[in-house]
Amino acid sequence: MLLKGKVAVVYGGSGAVGGAVAKAFAREGAIVHLVARGRERLEQMAEELRRTGAEIHVGIADALDRASVEGHLHDVVAISGPVKIVFSAIDWGDAQGTPIIDLTYDRFIMPVERGLKSWFNVGGVMARHMGENGGGAILGITANAAREAYTEMGGFGIACAAVEHFLRHLAAENGPKGVRCCWVRSPGSPDAPGVREAWLIHAREKGITFEEMHAEVAKDTPLRRISSLGQVADAVVLLASDLASSMTATLANTTGGAQVD
């Protein structure tokens, strides 16, 4: 087990991405603390993971509230000891599907503000804590739009680019204390509910199956497939593990070659 006995906190643990990462962490032996603003879906995820024999805890906190993040960290330490891994995949509230010129500024800037504020809080609090407790790994997720420009993305791509560069700076400042900061860049997994719903709509419009839609979307990627949530989560596990001890201020490209580095 790559993460055996390590204390891991997953912000957005009740969502599709956070849930997939939590499952992967639990499979690899981590002590997992699931965090979100609502309890019901967290408890459902926790119960599913506990049935596998994993040690799972549930906590309520708001990544946009620094005091809430600090309070939750205090509770985690009291239960399990120092945190060695944190992953955040909270909802940034992005508005995709509308041209920028048709958005209000407030709607455009929301994902940028939420992305940076959540990472300023979670990243800042955890970097200080890890630096005082022998180091650790701070991990996030972004998308292709961090580097490539697409239409009707609103502020989402800009938010991804800003978060990536924030994590680079955080890594540079806290690396001497053993704190690593990395992220996965995801293509938007076909088994994520939002992506699946969009693909199903396009498939119906074209009169093709979901599988044919997948093949069409993936036809220009070297692997001819789009990475699933589980495959993205496996990359997060790698970044969290000691196998990636020399990796920081960088990403794991899980786009199936859609973006070539």
# chains A, B, ... in the order shown; residues from 1 in each chain; ligands from 1
$ select_by_dssp --residues "segment 129-226 of chain A" --states "strand (DSSP E or B)" --output "list in words"
Gly136, Ala137, Ile138, Leu139, Gly140, Ile141, Thr142, Ala143, Val179, Arg180, Cys181, Cys182, Trp183, Val184, Arg185 and Ser186 of chain A
$ closest_atom_pairs --of "segment 100-160 of chain A" --to "segment 62-81 of chain A" --cutoff "8 Å" --atoms "only C-alpha atoms" --output "JSON lines"
{"residue": "A:Arg114", "atom": "CA", "partner": "A:Leu64", "partner_atom": "CA", "distance": 7.0}
{"residue": "A:Lys117", "atom": "CA", "partner": "A:Leu64", "partner_atom": "CA", "distance": 6.0}
{"residue": "A:Ser118", "atom": "CA", "partner": "A:Leu64", "partner_atom": "CA", "distance": 4.9}
{"residue": "A:Trp119", "atom": "CA", "partner": "A:Ala63", "partner_atom": "CA", "distance": 7.7}
{"residue": "A:Asn121", "atom": "CA", "partner": "A:Arg66", "partner_atom": "CA", "distance": 5.1}
{"residue": "A:Val122", "atom": "CA", "partner": "A:Ala63", "partner_atom": "CA", "distance": 6.3}
{"residue": "A:Val125", "atom": "CA", "partner": "A:Glu70", "partner_atom": "CA", "distance": 6.7}
$ atom_distance --atom1 "atom CA of Ala159 of chain A" --atom2 "atom CA of Ala198 of chain A"
21.1 Å
$ closest_residue --among "A:Leu229, A:Trp92, A:Leu200, A:Thr248" --to "Leu167 of chain A" --atoms "only C-alpha atoms"
A:Thr248
$ residues_around --residues "Ile138 of chain A" --least-positions-apart "6" --cutoff "12 Å" --atoms "only C-alpha atoms" --output "PyMOL selection string"
chain A and resi 8-11+83-89+119-120+122-131+166-168+170-171+174-175+178-184+236-237+239-241+247-251
$ closest_residue --among "A:Leu238, A:Met213, A:Ala192, A:Ile100" --to "Glu28 of chain A" --atoms "only C-alpha atoms"
A:Leu238
$ select_by_dssp --residues "segment 32-203 of chain A" --states "alpha helix (DSSP H)" --output "ChimeraX atom specification"
/A:40-50,66-80,105-131,156-174,193-203
$ residues_around --residues "Glu40 of chain A" --least-positions-apart "4" --cutoff "12 Å" --atoms "only C-alpha atoms" --output "list in words"
Gly13, Ser14, Gly15, Leu34, Val35, Ala36, Gln44, Met45, Ala46, Glu47, Val58, Gly59 and Ile60 of chain A
$ residues_around --residues "Pro99 of chain A" --least-positions-apart "5" --cutoff "10 Å" --atoms "only C-alpha atoms" --output "list in words"
Phe108, Thr151, Glu152, Met153 and Gly154 of chain A
$ write_last_selection --atoms "C-alpha atoms" --output "PDB file, in the first residue's frame"
ATOM      1  CA  PHE A 108     -17.219  35.550 -14.836  1.00  0.00           C
ATOM      2  CA  THR A 151     -14.817  28.970 -26.311  1.00  0.00           C
ATOM      3  CA  GLU A 152     -17.551  29.499 -23.709  1.00  0.00           C
ATOM      4  CA  MET A 153     -15.418  28.551 -20.720  1.00  0.00           C
ATOM      5  CA  GLY A 154     -16.250  31.650 -18.707  1.00  0.00           C
TER       6      GLY A 154
END
$ residues_around --residues "Val32 of chain A" --least-positions-apart "4" --cutoff "7 Å" --atoms "only C-alpha atoms" --output "PyMOL selection string"
chain A and resi 7-9+22+26+55-57
$ write_last_selection --atoms "C-alpha atoms" --output "mmCIF file, in the first residue's frame"
data_model
loop_
_atom_site.group_PDB
_atom_site.id
_atom_site.type_symbol
_atom_site.label_atom_id
_atom_site.label_comp_id
_atom_site.auth_asym_id
_atom_site.auth_seq_id
_atom_site.Cartn_x
_atom_site.Cartn_y
_atom_site.Cartn_z
ATOM 1 C CA VAL A 7 -3.417 10.912 7.306
ATOM 2 C CA ALA A 8 -5.147 12.358 4.246
ATOM 3 C CA VAL A 9 -7.761 15.117 4.066
ATOM 4 C CA ALA A 22 -10.873 9.287 -1.430
ATOM 5 C CA ALA A 26 -8.409 4.377 1.171
ATOM 6 C CA GLU A 55 -10.529 4.066 8.364
ATOM 7 C CA ILE A 56 -12.728 6.997 7.329
ATOM 8 C CA HIS A 57 -13.752 10.130 9.212
#
$ residues_around --residues "Arg107 of chain A" --least-positions-apart "6" --cutoff "9 Å" --atoms "only C-alpha atoms" --output "VMD selection string"
chain A and resid 93 to 95 154 to 155
$ write_last_selection --atoms "C-alpha atoms" --output "short mmCIF file (atom, residue, chain, number, x, y, z; two decimals), in the first residue's frame"
data_model
loop_
_atom_site.label_atom_id
_atom_site.label_comp_id
_atom_site.auth_asym_id
_atom_site.auth_seq_id
_atom_site.Cartn_x
_atom_site.Cartn_y
_atom_site.Cartn_z
CA GLY A 93 -19.03 27.66 -9.31
CA ASP A 94 -17.86 28.13 -12.89
CA ALA A 95 -20.31 29.15 -15.60
CA GLY A 154 -16.25 31.65 -18.71
CA GLY A 155 -13.66 32.17 -16.00
#
